[in-house]
Amino acid sequence: MKIKKVVCAPGKTGFFFDDQKAIKAGAKNDGAFYEGKPVTPGFTAVRQAGESISVMFVLENGAIAHGDCAAVQYSGAGGRDPLFLAADFIPVIEKEIAPLYEGKDITTFREMADLVDKKVDAEGKKYHTAIRYGVTQACLDAVAKSQSKLMAEVVAEEYGTEISKNIIPIFSQSGDDRYMNADKMIMKGADVLPHALFNHVETKVGLKGEKIKEYIEWLRNRIIKLRPVESYNPTIHIDVYGTLGIVFNNDFEAIAKYVGELAELAKPFHLRVEGPVDMGEREAQIDALAAIRAAMDRDGIDAEIVADEWCNTLEDIIAFTEKKAGHMAQIKTPDLGGINNTIEAVLYCKENNMGAYLGGTCNETNRSAEVCANIAMATKPVQYLAKPGMGVDEGYMIVFNEMSRILALTK
């Protein structure tokens, strides 16, 4: 079967683009907006509407395969590609990417994904991660439709895996509404919660980390009081956006000790702390997370730290894994470009004793979340992010329902 035409449609995402540098520098909330001027190139405001591009392959038999190009909430930060705006990149897809596929036979997913993911532009650079992300989703869907299979089945067959017989544990994120949204997660029985967005020292973390401690204690008690069944035993996973490095002046022993104190407050629930420090570049980040993990492992601290900033590409994830820089790596799907890299990242982590967190961003779309749910079911990471959005209900529904459909159909 051939691909007759490639069609692009501008779209909206489930959240916003946020200028992380401006927020870390003290930009204050004003309702849904942030006050102040942006500092990251490309931004016209500290917060602006998220954009996507839906890439549709019109197949010979009239079927439409599609994927969504999307970039992370904190675009342009932590070594990532710049802001992704539909008006800027639709012409690139139409002029440079569409000719790679139009009139061509649908072969294997891997072969089709490589056409865009390995290609470089006129300046010798790879295409924006968001372009590669969305186009490879369409490739996977096209192969699945041409073979009358689920996308998860295509991944399992091409990569030699088995589709999960259970729904992958879902990690739900709260945004700033970390109290009300935590209630929603408890009610729905989210396996991992609440993310909590601790991205500002004075207002959210506390100058000595005391505000996080207060929140962990509140959440632990809230789960015990309101859990839907006695057996509900979620993992508490918080993202601190490098702020512990600020609080403890990058003293890795002090950070490890503090994580241990949080872990005691979280008991009987297991604790994960994402992004404890942000060292500003990859090698320093690897060294820092390796040191914190080593200190925690030495002292028998029953918690995990999760790599996020500067752990963006497949190559980064391999490097962090090799140096034991963290107990778990977030595979932030839009940052890896082609979803072929996401698949390989999950499998590499699993083979090398690094926890695989199949993540992404609140700033994705329903389509990218569904495609990644197929990847989750085919590769069995430790957890999969409920996305898009920060409202809990919508993202949790999208990923749970897609995995539930796959589970029912593959039984």
# chains A, B, ... in the order shown; residues from 1 in each chain; ligands from 1
>>> residues_around(residues="Ala254 (chain A)", least_positions_apart="4", cutoff="10 Å", atoms="only C-alpha atoms", output="PDB file with N, CA and C atoms, in the first residue's frame")
ATOM      1  N   LEU A 244      16.186  21.716  44.578  1.00  0.00           N
ATOM      2  CA  LEU A 244      16.941  21.241  45.741  1.00  0.00           C
ATOM      3  C   LEU A 244      18.405  21.653  45.629  1.00  0.00           C
ATOM      4  N   GLY A 245      18.890  21.785  44.398  1.00  0.00           N
ATOM      5  CA  GLY A 245      20.240  22.286  44.202  1.00  0.00           C
ATOM      6  C   GLY A 245      20.391  23.712  44.695  1.00  0.00           C
ATOM      7  N   VAL A 247      18.326  25.124  47.088  1.00  0.00           N
ATOM      8  CA  VAL A 247      18.119  25.113  48.546  1.00  0.00           C
ATOM      9  C   VAL A 247      19.376  24.657  49.277  1.00  0.00           C
ATOM     10  N   PHE A 248      20.034  23.625  48.765  1.00  0.00           N
ATOM     11  CA  PHE A 248      21.180  23.032  49.461  1.00  0.00           C
ATOM     12  C   PHE A 248      22.518  23.370  48.807  1.00  0.00           C
ATOM     13  N   ASN A 249      22.500  24.377  47.948  1.00  0.00           N
ATOM     14  CA  ASN A 249      23.739  24.873  47.326  1.00  0.00           C
ATOM     15  C   ASN A 249      24.539  23.743  46.669  1.00  0.00           C
ATOM     16  N   ASN A 250      23.809  22.852  45.994  1.00  0.00           N
ATOM     17  CA  ASN A 250      24.411  21.716  45.284  1.00  0.00           C
ATOM     18  C   ASN A 250      25.300  20.840  46.176  1.00  0.00           C
ATOM     19  N   TYR A 258      18.158  14.817  52.606  1.00  0.00           N
ATOM     20  CA  TYR A 258      16.825  15.434  52.554  1.00  0.00           C
ATOM     21  C   TYR A 258      15.821  14.508  51.865  1.00  0.00           C
ATOM     22  N   VAL A 259      16.230  13.881  50.757  1.00  0.00           N
ATOM     23  CA  VAL A 259      15.340  12.930  50.083  1.00  0.00           C
ATOM     24  C   VAL A 259      14.977  11.791  51.030  1.00  0.00           C
ATOM     25  N   GLY A 260      15.952  11.357  51.822  1.00  0.00           N
ATOM     26  CA  GLY A 260      15.671  10.325  52.816  1.00  0.00           C
ATOM     27  C   GLY A 260      14.647  10.774  53.844  1.00  0.00           C
ATOM     28  N   ILE A 292      24.364  11.747  43.956  1.00  0.00           N
ATOM     29  CA  ILE A 292      23.198  11.682  44.848  1.00  0.00           C
ATOM     30  C   ILE A 292      22.710  10.240  44.966  1.00  0.00           C
ATOM     31  N   ALA A 295      25.101   8.237  47.166  1.00  0.00           N
ATOM     32  CA  ALA A 295      24.923   8.554  48.586  1.00  0.00           C
ATOM     33  C   ALA A 295      23.660   7.905  49.135  1.00  0.00           C
TER      34      ALA A 295
END
>>> select_by_dssp(residues="region 30-232 of chain A", states="alpha helix (DSSP H)", output="ChimeraX atom specification")
/A:86-92,98-101,109-117,129-147,151-159,180-188,210-226
>>> write_last_selection(atoms="C-alpha atoms", output="PDB file, in the first residue's frame")
ATOM      1  CA  ALA A  86       2.737  25.716  13.709  1.00  0.00           C
ATOM      2  CA  ALA A  87       3.071  28.622  11.280  1.00  0.00           C
ATOM      3  CA  ASP A  88       6.855  28.251  11.312  1.00  0.00           C
ATOM      4  CA  PHE A  89       7.013  24.515  10.767  1.00  0.00           C
ATOM      5  CA  ILE A  90       4.061  23.521   8.541  1.00  0.00           C
ATOM      6  CA  PRO A  91       5.959  24.899   5.502  1.00  0.00           C
ATOM      7  CA  VAL A  92       8.996  22.813   6.479  1.00  0.00           C
ATOM      8  CA  ALA A  98       6.176  15.284   2.592  1.00  0.00           C
ATOM      9  CA  PRO A  99       8.290  14.347  -0.491  1.00  0.00           C
ATOM     10  CA  LEU A 100       9.984  11.633   1.591  1.00  0.00           C
ATOM     11  CA  TYR A 101       6.653   9.798   1.882  1.00  0.00           C
ATOM     12  CA  PHE A 109       7.846   1.145  10.903  1.00  0.00           C
ATOM     13  CA  ARG A 110      11.571   1.288  11.570  1.00  0.00           C
ATOM     14  CA  GLU A 111      12.423   1.915   7.935  1.00  0.00           C
ATOM     15  CA  MET A 112       9.760   4.600   7.546  1.00  0.00           C
ATOM     16  CA  ALA A 113      10.690   6.314  10.817  1.00  0.00           C
ATOM     17  CA  ASP A 114      14.340   6.524   9.791  1.00  0.00           C
ATOM     18  CA  LEU A 115      13.418   8.527   6.678  1.00  0.00           C
ATOM     19  CA  VAL A 116      12.613  11.569   8.812  1.00  0.00           C
ATOM     20  CA  ASP A 117      14.413  10.807  12.056  1.00  0.00           C
ATOM     21  CA  THR A 129      12.246  17.061  17.567  1.00  0.00           C
ATOM     22  CA  ALA A 130       8.523  17.897  17.324  1.00  0.00           C
ATOM     23  CA  ILE A 131       8.503  17.264  13.559  1.00  0.00           C
ATOM     24  CA  ARG A 132      10.208  13.908  13.967  1.00  0.00           C
ATOM     25  CA  TYR A 133       7.878  13.042  16.841  1.00  0.00           C
ATOM     26  CA  GLY A 134       4.651  13.622  14.918  1.00  0.00           C
ATOM     27  CA  VAL A 135       5.725  12.241  11.553  1.00  0.00           C
ATOM     28  CA  THR A 136       6.954   8.970  13.061  1.00  0.00           C
ATOM     29  CA  GLN A 137       3.625   8.588  14.883  1.00  0.00           C
ATOM     30  CA  ALA A 138       1.940   8.800  11.473  1.00  0.00           C
ATOM     31  CA  CYS A 139       4.412   6.214  10.170  1.00  0.00           C
ATOM     32  CA  LEU A 140       3.495   3.754  12.934  1.00  0.00           C
ATOM     33  CA  ASP A 141      -0.207   4.314  12.325  1.00  0.00           C
ATOM     34  CA  ALA A 142       0.262   3.830   8.575  1.00  0.00           C
ATOM     35  CA  VAL A 143       2.023   0.494   9.063  1.00  0.00           C
ATOM     36  CA  ALA A 144      -0.659  -0.627  11.513  1.00  0.00           C
ATOM     37  CA  LYS A 145      -3.486   0.341   9.158  1.00  0.00           C
ATOM     38  CA  SER A 146      -1.801  -1.285   6.157  1.00  0.00           C
ATOM     39  CA  GLN A 147      -1.487  -4.548   8.117  1.00  0.00           C
ATOM     40  CA  MET A 151       0.076   0.008  16.721  1.00  0.00           C
ATOM     41  CA  ALA A 152       1.154  -1.900  19.838  1.00  0.00           C
ATOM     42  CA  GLU A 153       1.202  -5.125  17.813  1.00  0.00           C
ATOM     43  CA  VAL A 154       3.443  -3.548  15.176  1.00  0.00           C
ATOM     44  CA  VAL A 155       5.901  -2.370  17.841  1.00  0.00           C
ATOM     45  CA  ALA A 156       5.911  -5.745  19.589  1.00  0.00           C
ATOM     46  CA  GLU A 157       6.566  -7.622  16.352  1.00  0.00           C
ATOM     47  CA  GLU A 158       9.307  -5.319  15.071  1.00  0.00           C
ATOM     48  CA  TYR A 159      11.142  -5.055  18.396  1.00  0.00           C
ATOM     49  CA  MET A 180      -7.552  19.432  44.661  1.00  0.00           C
ATOM     50  CA  ASN A 181      -5.952  17.481  41.830  1.00  0.00           C
ATOM     51  CA  ALA A 182      -4.381  15.030  44.269  1.00  0.00           C
ATOM     52  CA  ASP A 183      -7.909  14.262  45.475  1.00  0.00           C
ATOM     53  CA  LYS A 184      -8.923  13.470  41.895  1.00  0.00           C
ATOM     54  CA  MET A 185      -5.973  11.110  41.540  1.00  0.00           C
ATOM     55  CA  ILE A 186      -6.790   9.289  44.755  1.00  0.00           C
ATOM     56  CA  MET A 187     -10.424   8.956  43.678  1.00  0.00           C
ATOM     57  CA  LYS A 188      -9.399   7.484  40.312  1.00  0.00           C
ATOM     58  CA  GLU A 210       9.974  22.742  54.513  1.00  0.00           C
ATOM     59  CA  LYS A 211       7.018  23.351  52.177  1.00  0.00           C
ATOM     60  CA  ILE A 212       7.640  20.079  50.320  1.00  0.00           C
ATOM     61  CA  LYS A 213       7.817  18.246  53.651  1.00  0.00           C
ATOM     62  CA  GLU A 214       4.484  19.711  54.697  1.00  0.00           C
ATOM     63  CA  TYR A 215       2.934  18.673  51.391  1.00  0.00           C
ATOM     64  CA  ILE A 216       4.284  15.099  51.501  1.00  0.00           C
ATOM     65  CA  GLU A 217       2.906  14.670  54.998  1.00  0.00           C
ATOM     66  CA  TRP A 218      -0.473  16.049  53.926  1.00  0.00           C
ATOM     67  CA  LEU A 219      -0.582  13.798  50.831  1.00  0.00           C
ATOM     68  CA  ARG A 220       0.337  10.665  52.772  1.00  0.00           C
ATOM     69  CA  ASN A 221      -2.449  11.297  55.260  1.00  0.00           C
ATOM     70  CA  ARG A 222      -4.895  12.196  52.489  1.00  0.00           C
ATOM     71  CA  ILE A 223      -4.266   8.927  50.652  1.00  0.00           C
ATOM     72  CA  ILE A 224      -4.725   6.873  53.808  1.00  0.00           C
ATOM     73  CA  LYS A 225      -7.941   8.729  54.678  1.00  0.00           C
ATOM     74  CA  LEU A 226      -9.582   8.684  51.254  1.00  0.00           C
TER      75      LEU A 226
END
>>> residues_around(residues="region 275-286 of chain A", least_positions_apart="4", cutoff="7 Å", atoms="only C-alpha atoms", output="ChimeraX atom specification")
/A:239-245,290,306-310,320,325
>>> closest_residue(among="A:Lys12, A:Lys28, A:Lys2, A:Arg227", to="Gly50 (chain A)", atoms="only C-alpha atoms")
A:Lys12
>>> closest_atom_pairs(of="region 164-238 of chain A", to="region 386-401 of chain A", cutoff="12 Å", atoms="only C-alpha atoms", output="JSON lines")
{"residue": "A:Asn166", "atom": "CA", "partner": "A:Phe400", "partner_atom": "CA", "distance": 11.0}
{"residue": "A:Ile167", "atom": "CA", "partner": "A:Phe400", "partner_atom": "CA", "distance": 7.5}
{"residue": "A:Ile168", "atom": "CA", "partner": "A:Phe400", "partner_atom": "CA", "distance": 8.7}
{"residue": "A:Pro169", "atom": "CA", "partner": "A:Phe400", "partner_atom": "CA", "distance": 9.3}
{"residue": "A:Ile170", "atom": "CA", "partner": "A:Ala386", "partner_atom": "CA", "distance": 6.1}
{"residue": "A:Phe171", "atom": "CA", "partner": "A:Ala386", "partner_atom": "CA", "distance": 5.7}
{"residue": "A:Ser172", "atom": "CA", "partner": "A:Ala386", "partner_atom": "CA", "distance": 5.0}
{"residue": "A:Gln173", "atom": "CA", "partner": "A:Met390", "partner_atom": "CA", "distance": 6.1}
{"residue": "A:Ser174", "atom": "CA", "partner": "A:Met390", "partner_atom": "CA", "distance": 5.5}
{"residue": "A:Gly175", "atom": "CA", "partner": "A:Met390", "partner_atom": "CA", "distance": 5.3}
{"residue": "A:Asp176", "atom": "CA", "partner": "A:Met390", "partner_atom": "CA", "distance": 8.5}
{"residue": "A:Asp177", "atom": "CA", "partner": "A:Met390", "partner_atom": "CA", "distance": 8.6}
{"residue": "A:Arg178", "atom": "CA", "partner": "A:Met390", "partner_atom": "CA", "distance": 10.0}
{"residue": "A:Tyr179", "atom": "CA", "partner": "A:Val392", "partner_atom": "CA", "distance": 11.9}
{"residue": "A:Met180", "atom": "CA", "partner": "A:Gly391", "partner_atom": "CA", "distance": 9.9}
{"residue": "A:Asn181", "atom": "CA", "partner": "A:Val392", "partner_atom": "CA", "distance": 6.5}
{"residue": "A:Ala182", "atom": "CA", "partner": "A:Val392", "partner_atom": "CA", "distance": 8.7}
{"residue": "A:Asp183", "atom": "CA", "partner": "A:Val392", "partner_atom": "CA", "distance": 10.0}
{"residue": "A:Lys184", "atom": "CA", "partner": "A:Val392", "partner_atom": "CA", "distance": 7.0}
{"residue": "A:Met185", "atom": "CA", "partner": "A:Val392", "partner_atom": "CA", "distance": 7.0}
{"residue": "A:Ile186", "atom": "CA", "partner": "A:Val392", "partner_atom": "CA", "distance": 10.7}
{"residue": "A:Met187", "atom": "CA", "partner": "A:Asp393", "partner_atom": "CA", "distance": 10.5}
{"residue": "A:Lys188", "atom": "CA", "partner": "A:Asp393", "partner_atom": "CA", "distance": 8.6}
{"residue": "A:Gly189", "atom": "CA", "partner": "A:Tyr396", "partner_atom": "CA", "distance": 10.3}
{"residue": "A:Ala190", "atom": "CA", "partner": "A:Tyr396", "partner_atom": "CA", "distance": 8.2}
{"residue": "A:Asp191", "atom": "CA", "partner": "A:Ala386", "partner_atom": "CA", "distance": 10.6}
{"residue": "A:Val192", "atom": "CA", "partner": "A:Ala386", "partner_atom": "CA", "distance": 9.8}
{"residue": "A:Leu193", "atom": "CA", "partner": "A:Ala386", "partner_atom": "CA", "distance": 10.1}
{"residue": "A:Pro194", "atom": "CA", "partner": "A:Val392", "partner_atom": "CA", "distance": 9.4}
{"residue": "A:His195", "atom": "CA", "partner": "A:Met390", "partner_atom": "CA", "distance": 10.1}
{"residue": "A:Ala196", "atom": "CA", "partner": "A:Met390", "partner_atom": "CA", "distance": 10.1}
{"residue": "A:Leu197", "atom": "CA", "partner": "A:Met390", "partner_atom": "CA", "distance": 10.2}
>>> atom_distance(atom1="CA of Arg405 (chain A)", atom2="CA of Ile331 (chain A)")
23.5 Å
>>> residues_around(residues="Phe33 (chain A)", least_positions_apart="5", cutoff="12 Å", atoms="only C-alpha atoms", output="ChimeraX atom specification")
/A:16-19,23,27-28,45-49
>>> closest_residue(among="A:Thr161, A:Ser231, A:Asn199, A:Ser54", to="Pro381 (chain A)", atoms="only C-alpha atoms")
A:Thr161
>>> select_by_dssp(residues="region 131-257 of chain A", states="strand (DSSP E)", output="VMD selection string")
chain A and resid 170 to 171 192 to 195 235 to 239
>>> write_last_selection(atoms="N, CA, C and O atoms", output="CSV table (one decimal), in the first residue's frame")
chain,number,residue,atom,x,y,z
A,170,ILE,N,-0.1,4.3,35.7
A,170,ILE,CA,-0.2,5.6,35.2
A,170,ILE,C,0.2,6.6,36.2
A,170,ILE,O,-0.2,6.6,37.4
A,171,PHE,N,1.0,7.5,35.8
A,171,PHE,CA,1.5,8.6,36.6
A,171,PHE,C,0.8,9.9,36.2
A,171,PHE,O,0.9,10.4,35.1
A,192,VAL,N,0.6,6.3,40.3
A,192,VAL,CA,1.7,7.2,40.7
A,192,VAL,C,1.2,8.6,40.7
A,192,VAL,O,0.5,9.0,39.8
A,193,LEU,N,1.5,9.4,41.7
A,193,LEU,CA,1.0,10.7,41.9
A,193,LEU,C,1.9,11.5,42.8
A,193,LEU,O,2.7,11.0,43.5
A,194,PRO,N,1.9,12.9,42.8
A,194,PRO,CA,1.0,13.8,42.0
A,194,PRO,C,1.8,14.7,41.0
A,194,PRO,O,1.2,15.6,40.5
A,195,HIS,N,3.1,14.5,41.0
A,195,HIS,CA,4.0,15.4,40.2
A,195,HIS,C,4.2,16.7,41.0
A,195,HIS,O,5.3,17.1,41.5
A,235,THR,N,2.6,5.1,44.4
A,235,THR,CA,3.9,5.7,44.5
A,235,THR,C,3.8,7.2,44.5
A,235,THR,O,3.0,7.7,43.7
A,236,ILE,N,4.4,7.9,45.4
A,236,ILE,CA,4.4,9.3,45.5
A,236,ILE,C,5.6,9.8,44.6
A,236,ILE,O,6.8,9.5,45.0
A,237,HIS,N,5.4,10.5,43.6
A,237,HIS,CA,6.4,11.0,42.7
A,237,HIS,C,6.3,12.5,42.5
A,237,HIS,O,5.3,13.0,42.1
A,238,ILE,N,7.3,13.3,43.0
A,238,ILE,CA,7.3,14.7,42.9
A,238,ILE,C,8.4,15.2,42.0
A,238,ILE,O,9.4,14.6,41.9
A,239,ASP,N,8.1,16.3,41.3
A,239,ASP,CA,9.1,16.9,40.4
A,239,ASP,C,9.5,18.2,41.0
A,239,ASP,O,8.7,19.1,41.2
>>> atom_distance(atom1="CA of His200 (chain A)", atom2="CA of Gly337 (chain A)")
28.7 Å
>>> decode(residues="region 116-148 of chain A", atoms="C-alpha atoms", output="PDB file, in the first residue's frame")
ATOM      1  CA  VAL A 116      12.613  11.569   8.812  1.00  0.00           C
ATOM      2  CA  ASP A 117      14.413  10.807  12.056  1.00  0.00           C
ATOM      3  CA  LYS A 118      17.851  10.291  10.494  1.00  0.00           C
ATOM      4  CA  LYS A 119      17.542  12.968   7.813  1.00  0.00           C
ATOM      5  CA  VAL A 120      19.312  16.325   8.095  1.00  0.00           C
ATOM      6  CA  ASP A 121      18.268  19.661   6.609  1.00  0.00           C
ATOM      7  CA  ALA A 122      20.213  21.913   4.237  1.00  0.00           C
ATOM      8  CA  GLU A 123      22.366  23.118   7.145  1.00  0.00           C
ATOM      9  CA  GLY A 124      23.253  19.586   8.213  1.00  0.00           C
ATOM     10  CA  LYS A 125      20.985  19.624  11.270  1.00  0.00           C
ATOM     11  CA  LYS A 126      18.318  17.114  12.238  1.00  0.00           C
ATOM     12  CA  TYR A 127      14.763  18.353  11.968  1.00  0.00           C
ATOM     13  CA  HIS A 128      13.056  19.779  15.051  1.00  0.00           C
ATOM     14  CA  THR A 129      12.246  17.061  17.567  1.00  0.00           C
ATOM     15  CA  ALA A 130       8.523  17.897  17.324  1.00  0.00           C
ATOM     16  CA  ILE A 131       8.503  17.264  13.559  1.00  0.00           C
ATOM     17  CA  ARG A 132      10.208  13.908  13.967  1.00  0.00           C
ATOM     18  CA  TYR A 133       7.878  13.042  16.841  1.00  0.00           C
ATOM     19  CA  GLY A 134       4.651  13.622  14.918  1.00  0.00           C
ATOM     20  CA  VAL A 135       5.725  12.241  11.553  1.00  0.00           C
ATOM     21  CA  THR A 136       6.954   8.970  13.061  1.00  0.00           C
ATOM     22  CA  GLN A 137       3.625   8.588  14.883  1.00  0.00           C
ATOM     23  CA  ALA A 138       1.940   8.800  11.473  1.00  0.00           C
ATOM     24  CA  CYS A 139       4.412   6.214  10.170  1.00  0.00           C
ATOM     25  CA  LEU A 140       3.495   3.754  12.934  1.00  0.00           C
ATOM     26  CA  ASP A 141      -0.207   4.314  12.325  1.00  0.00           C
ATOM     27  CA  ALA A 142       0.262   3.830   8.575  1.00  0.00           C
ATOM     28  CA  VAL A 143       2.023   0.494   9.063  1.00  0.00           C
ATOM     29  CA  ALA A 144      -0.659  -0.627  11.513  1.00  0.00           C
ATOM     30  CA  LYS A 145      -3.486   0.341   9.158  1.00  0.00           C
ATOM     31  CA  SER A 146      -1.801  -1.285   6.157  1.00  0.00           C
ATOM     32  CA  GLN A 147      -1.487  -4.548   8.117  1.00  0.00           C
ATOM     33  CA  SER A 148      -4.838  -4.320   9.955  1.00  0.00           C
TER      34      SER A 148
END
